[in-house]
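**Q** Below is the file my_file-v2.csv, which contains CSV, C-alpha atoms and all ligand atoms.
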```csv
chain,number,residue,atom,x,y,z
D,1,MET,CA,66.5,105.4,118.7
D,2,LYS,CA,66.2,103.5,115.4
D,3,VAL,CA,64.0,104.8,112.7
D,4,LYS,CA,63.3,103.3,109.3
D,5,VAL,CA,61.3,104.7,106.4
D,6,VAL,CA,59.1,101.8,105.6
D,7,GLY,CA,57.3,103.5,102.7
D,8,ALA,CA,58.4,106.9,101.2
D,9,ALA,CA,55.6,107.4,98.6
D,10,ALA,CA,52.3,109.1,98.9
D,11,GLY,CA,48.9,107.4,98.3
D,12,GLY,CA,49.2,105.4,95.1
D,13,GLY,CA,52.9,104.5,95.6
D,14,PHE,CA,55.6,104.7,93.0
D,15,PRO,CA,54.8,103.5,90.4
D,16,GLN,CA,51.0,103.9,90.9
D,17,TRP,CA,49.1,100.8,89.6
D,18,ASN,CA,47.3,102.7,86.8
D,19,CYS,CA,49.8,105.5,86.1
D,20,ASN,CA,51.4,105.7,82.6
D,21,ALA,CA,53.0,109.1,83.2
D,22,PRO,CA,56.8,109.4,82.5
D,23,LEU,CA,58.0,109.0,86.1
D,24,SER,CA,55.8,105.9,86.9
D,25,ARG,CA,56.8,104.4,83.5
D,26,ALA,CA,60.5,105.0,84.2
D,27,VAL,CA,60.4,103.3,87.6
D,28,ARG,CA,58.2,100.4,86.3
D,29,ASN,CA,60.8,99.8,83.5
D,30,ASN,CA,63.7,99.9,86.0
D,31,LYS,CA,65.2,102.9,84.4
D,32,PRO,CA,68.6,103.3,86.0
D,33,GLY,CA,68.6,105.4,89.2
D,34,PHE,CA,64.8,105.2,89.8
D,35,LEU,CA,63.7,103.6,93.0
D,36,SER,CA,60.2,102.2,93.5
D,37,ARG,CA,58.6,103.3,96.7
D,38,THR,CA,55.7,101.9,98.7
D,39,GLN,CA,53.0,104.0,100.4
D,40,SER,CA,53.5,106.2,103.4
D,41,SER,CA,54.8,104.6,106.7
D,42,LEU,CA,57.6,104.8,109.2
D,43,ALA,CA,58.9,102.5,111.9
D,44,ALA,CA,60.6,103.6,115.2
D,45,SER,CA,62.1,101.6,118.0
D,46,SER,CA,63.9,102.5,121.2
D,47,ASP,CA,65.3,99.0,121.9
D,48,GLY,CA,65.5,97.6,118.4
D,49,GLU,CA,63.1,94.8,119.3
D,50,ASN,CA,59.7,96.4,119.8
D,51,TRP,CA,58.6,98.7,117.0
D,52,VAL,CA,56.0,101.4,116.6
D,53,LEU,CA,54.6,101.9,113.1
D,54,PHE,CA,53.6,105.4,112.2
D,55,ASN,CA,50.8,104.8,109.7
D,56,ALA,CA,49.7,101.5,108.3
D,57,SER,CA,49.8,101.6,104.5
D,58,PRO,CA,47.9,99.4,102.0
D,59,ASP,CA,51.4,98.0,101.1
D,60,ILE,CA,52.0,96.8,104.7
D,61,ARG,CA,52.4,93.1,103.8
D,62,GLU,CA,55.1,93.9,101.2
D,63,GLN,CA,56.7,96.3,103.6
D,64,ILE,CA,57.0,93.8,106.4
D,65,ALA,CA,58.4,91.3,103.9
D,66,ASN,CA,61.1,94.0,103.0
D,67,THR,CA,61.8,94.9,106.6
D,68,PRO,CA,63.4,92.1,108.8
D,69,GLU,CA,62.9,94.2,111.9
D,70,LEU,CA,59.1,93.9,111.5
D,71,GLN,CA,59.0,90.2,111.0
D,72,PRO,CA,58.2,87.6,113.6
D,73,ARG,CA,61.2,86.6,115.8
D,74,ALA,CA,62.3,83.1,115.0
D,75,ASP,CA,62.9,82.4,118.7
D,76,GLY,CA,59.5,83.7,119.7
D,77,PRO,CA,56.1,81.9,120.0
D,78,LEU,CA,54.3,80.5,117.0
D,79,ARG,CA,52.5,83.8,116.4
D,80,ASN,CA,54.4,86.9,117.2
D,81,SER,CA,55.2,90.3,115.8
D,82,PRO,CA,57.7,93.1,116.8
D,83,ILE,CA,54.9,95.6,115.8
D,84,ALA,CA,53.7,96.6,119.3
D,85,ALA,CA,51.8,99.8,118.4
D,86,VAL,CA,50.5,101.8,115.4
D,87,VAL,CA,50.2,105.5,115.5
D,88,LEU,CA,48.0,107.2,112.9
D,89,THR,CA,48.6,110.8,111.8
D,90,ASN,CA,45.3,111.0,109.9
D,91,ALA,CA,42.6,108.8,108.5
D,92,ASP,CA,43.7,108.9,104.9
D,93,VAL,CA,43.4,105.6,103.1
D,94,ASP,CA,47.1,105.3,102.6
D,95,HIS,CA,47.6,105.6,106.4
D,96,ILE,CA,44.8,103.3,107.7
D,97,ALA,CA,44.1,100.6,105.1
D,98,GLY,CA,47.1,98.5,106.2
D,99,LEU,CA,45.4,98.0,109.6
D,100,LEU,CA,43.1,95.4,107.8
D,101,SER,CA,46.2,93.3,107.1
D,102,LEU,CA,47.1,93.2,110.8
D,103,ARG,CA,44.0,91.2,111.7
D,104,GLU,CA,45.4,87.8,112.7
D,105,ARG,CA,44.6,87.9,116.4
D,106,GLN,CA,47.8,89.7,117.2
D,107,LYS,CA,47.9,92.0,120.2
D,108,PHE,CA,49.0,95.6,119.5
D,109,THR,CA,47.8,99.1,120.3
D,110,ILE,CA,46.4,101.7,117.9
D,111,TYR,CA,47.0,105.3,118.8
D,112,ALA,CA,45.1,108.1,117.1
D,113,THR,CA,43.2,111.3,117.8
D,114,ALA,CA,39.5,111.1,118.8
D,115,ARG,CA,38.6,112.2,115.2
D,116,VAL,CA,40.5,109.4,113.6
D,117,LEU,CA,39.4,106.8,116.2
D,118,LYS,CA,35.8,107.8,115.4
D,119,THR,CA,36.4,107.1,111.7
D,120,LEU,CA,37.8,103.6,112.5
D,121,ALA,CA,34.8,103.0,114.8
D,122,GLU,CA,32.3,104.1,112.2
D,123,ASN,CA,33.8,101.9,109.4
D,124,THR,CA,32.7,98.5,110.7
D,125,ILE,CA,35.3,96.7,108.6
D,126,PHE,CA,37.9,97.7,111.2
D,127,ARG,CA,36.1,95.4,113.6
D,128,VAL,CA,38.3,92.7,112.1
D,129,LEU,CA,40.7,94.1,114.6
D,130,ASN,CA,39.0,92.6,117.7
D,131,ALA,CA,39.0,95.1,120.5
D,132,ALA,CA,40.1,92.3,122.9
D,133,ASP,CA,43.4,92.0,121.0
D,134,VAL,CA,43.8,95.5,119.6
D,135,GLU,CA,43.3,98.3,122.0
D,136,ARG,CA,42.5,101.8,120.8
D,137,ARG,CA,44.1,104.6,122.7
D,138,GLU,CA,43.3,108.3,122.1
D,139,LEU,CA,46.1,110.7,121.3
D,140,PRO,CA,45.5,114.3,122.4
D,141,VAL,CA,45.6,116.9,119.5
D,142,GLU,CA,48.3,118.6,121.6
D,143,GLY,CA,50.2,116.8,124.2
D,144,LEU,CA,52.7,114.1,125.2
D,145,THR,CA,51.9,110.4,125.3
D,146,ASP,CA,54.1,107.5,126.5
D,147,LEU,CA,53.5,104.7,124.0
D,148,GLN,CA,52.5,101.3,125.4
D,149,GLY,CA,52.2,97.9,123.7
D,150,SER,CA,50.2,95.1,125.2
D,151,ASP,CA,53.2,94.1,127.4
D,152,GLY,CA,53.8,97.6,128.7
D,153,PRO,CA,55.9,100.7,127.9
D,154,LEU,CA,57.8,100.8,124.7
D,155,GLY,CA,60.4,103.4,125.7
D,156,LEU,CA,59.1,105.9,123.1
D,157,SER,CA,56.9,108.9,123.7
D,158,VAL,CA,55.1,110.9,121.1
D,159,GLU,CA,54.3,114.6,121.2
D,160,THR,CA,51.4,115.3,119.0
D,161,PHE,CA,50.3,118.7,117.6
D,162,SER,CA,47.8,120.0,115.1
D,163,VAL,CA,49.0,120.9,111.6
D,164,ALA,CA,47.3,122.5,108.7
D,165,GLY,CA,45.5,119.8,106.7
D,166,LYS,CA,42.3,118.4,105.4
D,167,VAL,CA,40.0,115.7,106.5
D,168,ALA,CA,40.5,112.4,104.6
D,169,LEU,CA,39.3,112.4,101.0
D,170,PHE,CA,36.6,109.8,101.7
D,171,LEU,CA,35.3,112.0,104.6
D,172,GLU,CA,35.0,115.2,102.7
D,173,ASN,CA,31.7,116.9,103.2
D,174,GLU,CA,30.9,119.6,100.7
D,175,ALA,CA,27.9,120.7,102.7
D,176,ARG,CA,30.3,121.9,105.4
D,177,GLY,CA,32.1,124.2,102.9
D,178,THR,CA,34.4,123.8,99.9
D,179,GLU,CA,37.2,125.6,101.8
D,180,ASN,CA,37.8,122.8,104.3
D,181,PHE,CA,35.1,120.2,103.7
D,182,GLY,CA,34.3,119.8,107.4
D,183,THR,CA,37.9,119.5,108.6
D,184,GLU,CA,38.3,119.7,112.3
D,185,ALA,CA,41.2,119.8,114.8
D,186,GLY,CA,42.7,116.3,115.1
D,187,ASP,CA,42.1,115.3,111.5
D,188,THR,CA,45.8,115.8,110.7
D,189,ILE,CA,48.5,115.8,113.3
D,190,GLY,CA,52.3,116.1,113.3
D,191,THR,CA,54.4,114.0,115.6
D,192,ARG,CA,57.6,114.3,117.5
D,193,ILE,CA,58.9,110.9,118.4
D,194,ILE,CA,61.1,110.9,121.5
D,195,ASP,CA,63.3,108.0,122.8
D,196,ARG,CA,62.3,108.3,126.4
D,197,ALA,CA,64.4,105.3,127.4
D,198,ALA,CA,67.6,107.2,126.5
D,199,GLY,CA,66.9,109.5,129.5
D,200,GLU,CA,69.2,112.5,129.5
D,201,ASN,CA,70.4,111.7,126.1
D,202,ALA,CA,66.9,111.4,124.7
D,203,ARG,CA,66.9,112.0,120.9
D,204,ASP,CA,63.9,113.0,118.9
D,205,LEU,CA,62.6,113.2,115.4
D,206,PHE,CA,59.7,115.0,113.8
D,207,TYR,CA,57.5,113.0,111.5
D,208,ILE,CA,54.9,115.1,109.6
D,209,PRO,CA,53.8,113.3,106.4
D,210,GLY,CA,50.8,115.5,105.8
D,211,CYS,CA,50.9,119.3,106.1
D,212,ALA,CA,49.0,121.9,104.2
D,213,GLY,CA,51.3,124.8,105.2
D,214,VAL,CA,54.1,125.9,107.5
D,215,ASP,CA,52.9,128.5,110.0
D,216,ASP,CA,54.7,130.3,112.7
D,217,ASP,CA,53.7,127.8,115.4
D,218,LEU,CA,55.2,124.9,113.4
D,219,LYS,CA,58.4,126.9,112.6
D,220,ALA,CA,58.8,127.6,116.4
D,221,ARG,CA,58.4,123.9,117.1
D,222,LEU,CA,60.9,122.8,114.5
D,223,ARG,CA,63.6,125.3,115.2
D,224,ASN,CA,66.9,123.5,116.0
D,225,ALA,CA,65.3,120.0,115.5
D,226,GLU,CA,67.7,117.1,115.1
D,227,CYS,CA,65.7,115.5,112.3
D,228,LEU,CA,62.6,116.2,110.3
D,229,LEU,CA,60.7,113.9,108.0
D,230,PHE,CA,58.2,116.1,106.1
D,231,ASP,CA,55.4,116.1,103.6
D,232,GLY,CA,57.0,115.9,100.1
D,233,THR,CA,53.9,115.2,98.2
D,234,VAL,CA,54.2,117.7,95.4
D,235,PHE,CA,57.1,119.9,94.1
D,236,VAL,CA,54.8,122.4,92.5
D,237,ASP,CA,51.2,123.0,93.7
D,238,THR,CA,49.8,122.6,90.2
D,239,GLU,CA,51.9,119.5,89.4
D,240,MET,CA,49.0,117.1,88.8
D,241,GLN,CA,47.4,119.5,86.4
D,242,ASP,CA,50.8,120.3,84.7
D,243,THR,CA,51.6,116.7,84.1
D,244,GLY,CA,48.0,116.1,82.9
D,245,VAL,CA,47.2,113.3,85.4
D,246,GLY,CA,44.6,115.1,87.5
D,247,GLU,CA,42.8,118.3,88.4
D,248,LYS,CA,43.7,118.7,92.1
D,249,THR,CA,46.3,121.0,93.4
D,250,GLY,CA,48.5,120.1,96.3
D,251,ALA,CA,46.6,122.6,98.4
D,252,ARG,CA,43.3,121.0,97.5
D,253,MET,CA,44.7,117.7,98.7
D,254,GLY,CA,46.0,119.2,102.0
D,255,HIS,CA,49.6,119.2,101.1
D,256,SER,CA,52.0,122.2,100.8
D,257,ALA,CA,54.3,122.2,97.8
D,258,ILE,CA,58.1,121.9,98.2
D,259,SER,CA,59.0,124.8,95.9
D,260,GLY,CA,57.9,128.4,95.7
D,261,PRO,CA,57.9,131.3,98.1
D,262,GLN,CA,55.4,129.6,100.5
D,263,GLY,CA,56.9,126.1,99.9
D,264,SER,CA,58.4,123.9,102.5
D,265,VAL,CA,62.1,124.4,101.3
D,266,ALA,CA,61.7,128.2,101.8
D,267,ALA,CA,59.6,128.0,104.9
D,268,LEU,CA,61.8,125.5,106.7
D,269,GLY,CA,65.1,126.9,105.4
D,270,ASP,CA,66.3,129.1,108.3
D,271,LEU,CA,65.4,126.9,111.3
D,272,ASN,CA,68.7,125.2,111.9
D,273,ILE,CA,67.1,121.7,111.4
D,274,LYS,CA,70.1,119.4,111.2
D,275,ARG,CA,68.6,116.7,109.0
D,276,ARG,CA,65.7,117.1,106.6
D,277,VAL,CA,64.1,114.3,104.6
D,278,PHE,CA,61.0,114.4,102.3
D,279,VAL,CA,58.6,111.5,102.6
D,280,HIS,CA,55.0,110.9,101.3
D,281,ILE,CA,56.3,111.7,97.8
D,282,ASN,CA,53.6,111.6,95.1
D,283,ASN,CA,54.4,109.8,91.9
D,284,THR,CA,54.2,113.1,89.9
D,285,ASN,CA,56.9,114.7,92.0
D,286,PRO,CA,60.0,115.4,89.8
D,287,ILE,CA,62.3,114.9,92.9
D,288,LEU,CA,61.8,111.2,92.2
D,289,GLU,CA,63.9,111.6,89.0
D,290,PRO,CA,67.6,111.3,89.8
D,291,GLY,CA,69.5,114.3,88.4
D,292,SER,CA,66.4,116.4,87.7
D,293,ASP,CA,66.4,120.1,88.4
D,294,ALA,CA,63.9,119.5,91.2
D,295,GLU,CA,66.1,116.9,92.9
D,296,LYS,CA,69.1,119.2,92.6
D,297,PHE,CA,67.1,122.0,94.1
D,298,VAL,CA,66.1,120.1,97.2
D,299,LYS,CA,69.6,118.6,97.7
D,300,GLU,CA,71.2,122.0,97.4
D,301,ALA,CA,68.8,123.2,100.0
D,302,GLY,CA,70.0,120.5,102.4
D,303,TRP,CA,67.1,118.1,101.9
D,304,GLU,CA,67.3,114.3,101.3
D,305,VAL,CA,64.8,112.5,99.2
D,306,GLY,CA,63.4,109.6,101.3
D,307,TYR,CA,63.3,106.1,100.0
D,308,ASP,CA,62.0,102.7,101.3
D,309,GLY,CA,64.5,101.2,103.8
D,310,MET,CA,66.2,104.5,104.7
D,311,GLU,CA,67.6,104.1,108.2
D,312,ILE,CA,68.0,106.9,110.6
D,313,ASN,CA,69.8,106.2,113.9
D,314,LEU,CA,69.6,108.9,116.5
D,401,LIG,C1,46.6,112.3,100.6
D,401,LIG,O1,47.6,112.2,101.2
D,401,LIG,O2,46.2,113.3,100.1
D,401,LIG,C2,45.7,111.1,100.5
D,401,LIG,O3,46.4,109.9,100.9
D,401,LIG,C3,45.2,110.9,99.1
D,401,LIG,C4,44.4,109.6,99.0
D,401,LIG,O4,43.5,109.4,99.8
D,401,LIG,O5,44.7,108.8,98.1
D,402,MN,MN,48.5,110.4,101.9
```
Please express the file's structure as structure tokens.

**A**
Amino acid sequence: MKVKVVGAAAGGGFPQWNCNAPLSRAVRNNKPGFLSRTQSSLAASSDGENWVLFNASPDIREQIANTPELQPRADGPLRNSPIAAVVLTNADVDHIAGLLSLRERQKFTIYATARVLKTLAENTIFRVLNAADVERRELPVEGLTDLQGSDGPLGLSVETFSVAGKVALFLENEARGTENFGTEAGDTIGTRIIDRAAGENARDLFYIPGCAGVDDDLKARLRNAECLLFDGTVFVDTEMQDTGVGEKTGARMGHSAISGPQGSVAALGDLNIKRRVFVHINNTNPILEPGSDAEKFVKEAGWEVGYDGMEINL
């Protein structure tokens, strides 16, 4: 299975368009060692020809331009795309807005939970993806799905499971409580991507770009995993406040912090996960600064800091 990190940043990207904080400024000014990152997306393929996107970010046009595997085949018909399916892990704007750029009468399949499909159906702008070309298929909150493009099976399966999270920001309903704002099962899922075509030698990878906390169920699922790409939004829960750019904590946004006793490095430390990569990294996160204490901390704990174009072959 071939996997490529298409966008390693959280919503806003790195640098974020309106951000003048030190990290965004450093990357905007090409400070040595800093890498710009586009918004959250991953691509996976069993055969290297047909690709499944996991999340469609607002940066998708730039991302396709930067990713030869996702560009039309020169020996194909006049209109063609290797993107055969898009799997959505939630309805956050950084994960669905890119669908609008895939509107040129190209056949592909959208996979999402009933909750996320309902959001797409209720936002009529997504009708630009004509149902005759773009089939919507429901993912179970818990279960295994063999992924299909318009021409049949893609050789990949996805196991979906509920993770702690929050409904998308634009769907928050305070009337349903300021604890979870009307969040329901299926609003945020984790995925295990399995190369079914590899048969006995099937390899797998967990992709969990949004997760509000690591519980025992998730730990059991991730034990002995080959590879994990995990929510690296914030290093410290209060990071947006500490850096003065905003009021919200990581927890309030539905993201667990990397550091601290409940953080992902501690919680996922003893599970014998062979490869661990942070993705969905917010522009305030100090792991984005090469040589920072935060970057050293995650590297010493065995984690990699994801970047656009990062390839993982399993
Ligand atoms: C998130 O991951 O918390 C969201 O993408 C934030 C947003 O909607 O910008
Ligand atoms: Mn996001």

**Q** Starting from the point (48.6, 84.9, 114.5), work out which residues of protein, DNA or RNA have an atom no more than 9 Å away when counting only C-alpha atoms; state them as a CSV table (one decimal) with C-alpha atoms, in the coordinates of the input.

**A**
```csv
chain,number,residue,atom,x,y,z
D,78,LEU,CA,54.3,80.5,117.0
D,79,ARG,CA,52.5,83.8,116.4
D,80,ASN,CA,54.4,86.9,117.2
D,81,SER,CA,55.2,90.3,115.8
D,103,ARG,CA,44.0,91.2,111.7
D,104,GLU,CA,45.4,87.8,112.7
D,105,ARG,CA,44.6,87.9,116.4
D,106,GLN,CA,47.8,89.7,117.2
```

**Q** Between D:Ser57, D:Thr119, D:Asn66, D:Asn50, which residue has the minimum interatomic distance to ligand LIG 401 (chain D), considering only C-alpha atoms and all ligand atoms?

**A** D:Ser57

**Q** Could you produce a table of the residues of range 40-75 of chain D lying within 10 Å of range 288-309 of chain D, with the nearest pair of atoms per residue and their separation in Å rounded to one decimal, using all atoms listed in the file, ordered by chain and increasing residue number, as JSON lines?

**A**
```
{"residue": "D:Ser40", "atom": "CA", "partner": "D:Asp308", "partner_atom": "CA", "distance": 9.4}
{"residue": "D:Ser41", "atom": "CA", "partner": "D:Asp308", "partner_atom": "CA", "distance": 9.2}
{"residue": "D:Leu42", "atom": "CA", "partner": "D:Asp308", "partner_atom": "CA", "distance": 9.3}
{"residue": "D:Ala43", "atom": "CA", "partner": "D:Gly309", "partner_atom": "CA", "distance": 9.9}
{"residue": "D:Gln63", "atom": "CA", "partner": "D:Asp308", "partner_atom": "CA", "distance": 8.6}
{"residue": "D:Asn66", "atom": "CA", "partner": "D:Gly309", "partner_atom": "CA", "distance": 8.0}
{"residue": "D:Thr67", "atom": "CA", "partner": "D:Gly309", "partner_atom": "CA", "distance": 7.4}
```

**Q** Hey, could you make a per-residue contact list for range 5-50 of chain D against range 265-282 of chain D with 8 Å as the cut-off, showing the nearest pair of atoms and its distance in Å to one decimal, counting all atoms listed in the file, sorted by chain and number, as JSON lines?

**A**
```
{"residue": "D:Gly7", "atom": "CA", "partner": "D:His280", "partner_atom": "CA", "distance": 7.9}
{"residue": "D:Ala8", "atom": "CA", "partner": "D:Val279", "partner_atom": "CA", "distance": 4.8}
{"residue": "D:Ala9", "atom": "CA", "partner": "D:Ile281", "partner_atom": "CA", "distance": 4.4}
{"residue": "D:Ala10", "atom": "CA", "partner": "D:His280", "partner_atom": "CA", "distance": 4.0}
{"residue": "D:Gly11", "atom": "CA", "partner": "D:Asn282", "partner_atom": "CA", "distance": 7.1}
{"residue": "D:Gly12", "atom": "CA", "partner": "D:Asn282", "partner_atom": "CA", "distance": 7.6}
{"residue": "D:Gly13", "atom": "CA", "partner": "D:Asn282", "partner_atom": "CA", "distance": 7.2}
{"residue": "D:Phe14", "atom": "CA", "partner": "D:Asn282", "partner_atom": "CA", "distance": 7.5}
{"residue": "D:Gln39", "atom": "CA", "partner": "D:His280", "partner_atom": "CA", "distance": 7.2}
{"residue": "D:Ser40", "atom": "CA", "partner": "D:His280", "partner_atom": "CA", "distance": 5.4}
```

**Q** Between D:Gly48, D:Pro58, D:Pro286, D:Gly152, which one has atoms that come closest to ligand LIG 401 (chain D), using all atoms listed in the file?

**A**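 Among the listed residues, D:Pro58 lies closest to ligand LIG 401 (chain D).
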
**Q** Quick one: distance from CA of Thr284 in chain D to CA of Gly33 in chain D in Å, one decimal?

**A** 16.3 Å

**Q** Can you measure CA of Thr249 in chain D to CA of Gln262 in chain D for me? One decimal in Å is fine.

**A** 14.4 Å

**Q** Restricting the calculation to all atoms listed in the file, which member of D:Gln148, D:Ser45, D:Ser24, D:Asn283 is positioned closest to ligand MN 402 (chain D)?

**A**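 So, comparing all the options, the nearest one is D:Asn283.
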
**Q** Taking all atoms listed in the file into account, list the residues no farther than 12 Å from ligand LIG 401 (chain D), as a count of residues only.

**A** 54

**Q** Could you give me, as a ChimeraX atom specification, the residues within 12 Å of Glu226 in chain D, counting all atoms listed in the file and dropping anything in the same chain fewer than 2 positions from it?

**A** /D:192-194,202-207,221-224,228-229,271-277,312-314

**Q** Find, counting only C-alpha atoms, the residue in D:Asn180, D:Ser150, D:Ser157, D:Ser162 that gets nearest to Pro82 in chain D.

**A**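 The answer is D:Ser150, which sits nearest to Pro82 in chain D.
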
**Q** Would you mind reading off the distance between CA of Thr38 in chain D and CA of Val5 in chain D, one decimal, in Å?

**A** 9.9 Å

**Q** Determine, counting only C-alpha atoms, every residue of protein, DNA or RNA that lies within 6 Å of (54.3, 125.1, 118.8) in the file coordinates, then give the result as a VMD selection string.

**A** chain D and resid 217 to 218 220 to 221

**Q** Complete the atoms of range 283-301 of chain D to N, CA, C and O atoms and put them out as a PDB file, in the coordinates of the input.

**A**
```pdb
ATOM      1  N   ASN D 283      53.729 110.306  93.067  1.00  0.00           N
ATOM      2  CA  ASN D 283      54.400 109.800  91.900  1.00  0.00           C
ATOM      3  C   ASN D 283      54.530 110.793  90.733  1.00  0.00           C
ATOM      4  O   ASN D 283      55.165 110.511  89.725  1.00  0.00           O
ATOM      5  N   THR D 284      53.975 111.985  90.905  1.00  0.00           N
ATOM      6  CA  THR D 284      54.200 113.100  89.900  1.00  0.00           C
ATOM      7  C   THR D 284      55.350 113.965  90.284  1.00  0.00           C
ATOM      8  O   THR D 284      55.691 114.872  89.519  1.00  0.00           O
ATOM      9  N   ASN D 285      55.937 113.752  91.444  1.00  0.00           N
ATOM     10  CA  ASN D 285      56.900 114.700  92.000  1.00  0.00           C
ATOM     11  C   ASN D 285      58.284 114.525  91.270  1.00  0.00           C
ATOM     12  O   ASN D 285      58.886 113.449  91.362  1.00  0.00           O
ATOM     13  N   PRO D 286      58.794 115.568  90.587  1.00  0.00           N
ATOM     14  CA  PRO D 286      60.000 115.400  89.800  1.00  0.00           C
ATOM     15  C   PRO D 286      61.279 115.146  90.706  1.00  0.00           C
ATOM     16  O   PRO D 286      62.320 114.770  90.164  1.00  0.00           O
ATOM     17  N   ILE D 287      61.172 115.284  92.028  1.00  0.00           N
ATOM     18  CA  ILE D 287      62.300 114.900  92.900  1.00  0.00           C
ATOM     19  C   ILE D 287      62.611 113.422  92.803  1.00  0.00           C
ATOM     20  O   ILE D 287      63.673 112.963  93.208  1.00  0.00           O
ATOM     21  N   LEU D 288      61.635 112.664  92.293  1.00  0.00           N
ATOM     22  CA  LEU D 288      61.800 111.200  92.200  1.00  0.00           C
ATOM     23  C   LEU D 288      62.750 110.848  91.011  1.00  0.00           C
ATOM     24  O   LEU D 288      63.177 109.703  90.889  1.00  0.00           O
ATOM     25  N   GLU D 289      63.037 111.838  90.159  1.00  0.00           N
ATOM     26  CA  GLU D 289      63.900 111.600  89.000  1.00  0.00           C
ATOM     27  C   GLU D 289      65.352 111.977  89.388  1.00  0.00           C
ATOM     28  O   GLU D 289      65.640 113.171  89.560  1.00  0.00           O
ATOM     29  N   PRO D 290      66.255 110.997  89.485  1.00  0.00           N
ATOM     30  CA  PRO D 290      67.600 111.300  89.800  1.00  0.00           C
ATOM     31  C   PRO D 290      68.236 112.297  88.828  1.00  0.00           C
ATOM     32  O   PRO D 290      68.096 112.099  87.620  1.00  0.00           O
ATOM     33  N   GLY D 291      68.859 113.358  89.322  1.00  0.00           N
ATOM     34  CA  GLY D 291      69.500 114.300  88.400  1.00  0.00           C
ATOM     35  C   GLY D 291      68.619 115.390  87.898  1.00  0.00           C
ATOM     36  O   GLY D 291      69.069 116.287  87.169  1.00  0.00           O
ATOM     37  N   SER D 292      67.331 115.347  88.208  1.00  0.00           N
ATOM     38  CA  SER D 292      66.400 116.400  87.700  1.00  0.00           C
ATOM     39  C   SER D 292      66.717 117.723  88.412  1.00  0.00           C
ATOM     40  O   SER D 292      67.328 117.752  89.489  1.00  0.00           O
ATOM     41  N   ASP D 293      66.254 118.803  87.802  1.00  0.00           N
ATOM     42  CA  ASP D 293      66.400 120.100  88.400  1.00  0.00           C
ATOM     43  C   ASP D 293      65.805 120.156  89.807  1.00  0.00           C
ATOM     44  O   ASP D 293      66.320 120.767  90.734  1.00  0.00           O
ATOM     45  N   ALA D 294      64.645 119.513  89.921  1.00  0.00           N
ATOM     46  CA  ALA D 294      63.900 119.500  91.200  1.00  0.00           C
ATOM     47  C   ALA D 294      64.738 118.772  92.268  1.00  0.00           C
ATOM     48  O   ALA D 294      64.857 119.231  93.415  1.00  0.00           O
ATOM     49  N   GLU D 295      65.295 117.643  91.891  1.00  0.00           N
ATOM     50  CA  GLU D 295      66.100 116.900  92.900  1.00  0.00           C
ATOM     51  C   GLU D 295      67.324 117.694  93.274  1.00  0.00           C
ATOM     52  O   GLU D 295      67.679 117.750  94.454  1.00  0.00           O
ATOM     53  N   LYS D 296      67.951 118.348  92.281  1.00  0.00           N
ATOM     54  CA  LYS D 296      69.100 119.200  92.600  1.00  0.00           C
ATOM     55  C   LYS D 296      68.721 120.311  93.550  1.00  0.00           C
ATOM     56  O   LYS D 296      69.436 120.638  94.495  1.00  0.00           O
ATOM     57  N   PHE D 297      67.567 120.915  93.270  1.00  0.00           N
ATOM     58  CA  PHE D 297      67.100 122.000  94.100  1.00  0.00           C
ATOM     59  C   PHE D 297      66.942 121.613  95.563  1.00  0.00           C
ATOM     60  O   PHE D 297      67.416 122.288  96.465  1.00  0.00           O
ATOM     61  N   VAL D 298      66.302 120.482  95.803  1.00  0.00           N
ATOM     62  CA  VAL D 298      66.100 120.100  97.200  1.00  0.00           C
ATOM     63  C   VAL D 298      67.422 119.672  97.849  1.00  0.00           C
ATOM     64  O   VAL D 298      67.677 119.998  99.013  1.00  0.00           O
ATOM     65  N   LYS D 299      68.261 119.009  97.101  1.00  0.00           N
ATOM     66  CA  LYS D 299      69.600 118.600  97.700  1.00  0.00           C
ATOM     67  C   LYS D 299      70.420 119.783  98.011  1.00  0.00           C
ATOM     68  O   LYS D 299      71.061 119.823  99.065  1.00  0.00           O
ATOM     69  N   GLU D 300      70.443 120.762  97.096  1.00  0.00           N
ATOM     70  CA  GLU D 300      71.200 122.000  97.400  1.00  0.00           C
ATOM     71  C   GLU D 300      70.717 122.722  98.569  1.00  0.00           C
ATOM     72  O   GLU D 300      71.464 123.412  99.259  1.00  0.00           O
ATOM     73  N   ALA D 301      69.428 122.583  98.825  1.00  0.00           N
ATOM     74  CA  ALA D 301      68.800 123.200 100.000  1.00  0.00           C
ATOM     75  C   ALA D 301      69.006 122.404 101.269  1.00  0.00           C
ATOM     76  O   ALA D 301      68.501 122.772 102.331  1.00  0.00           O
TER      77      ALA D 301
END
```
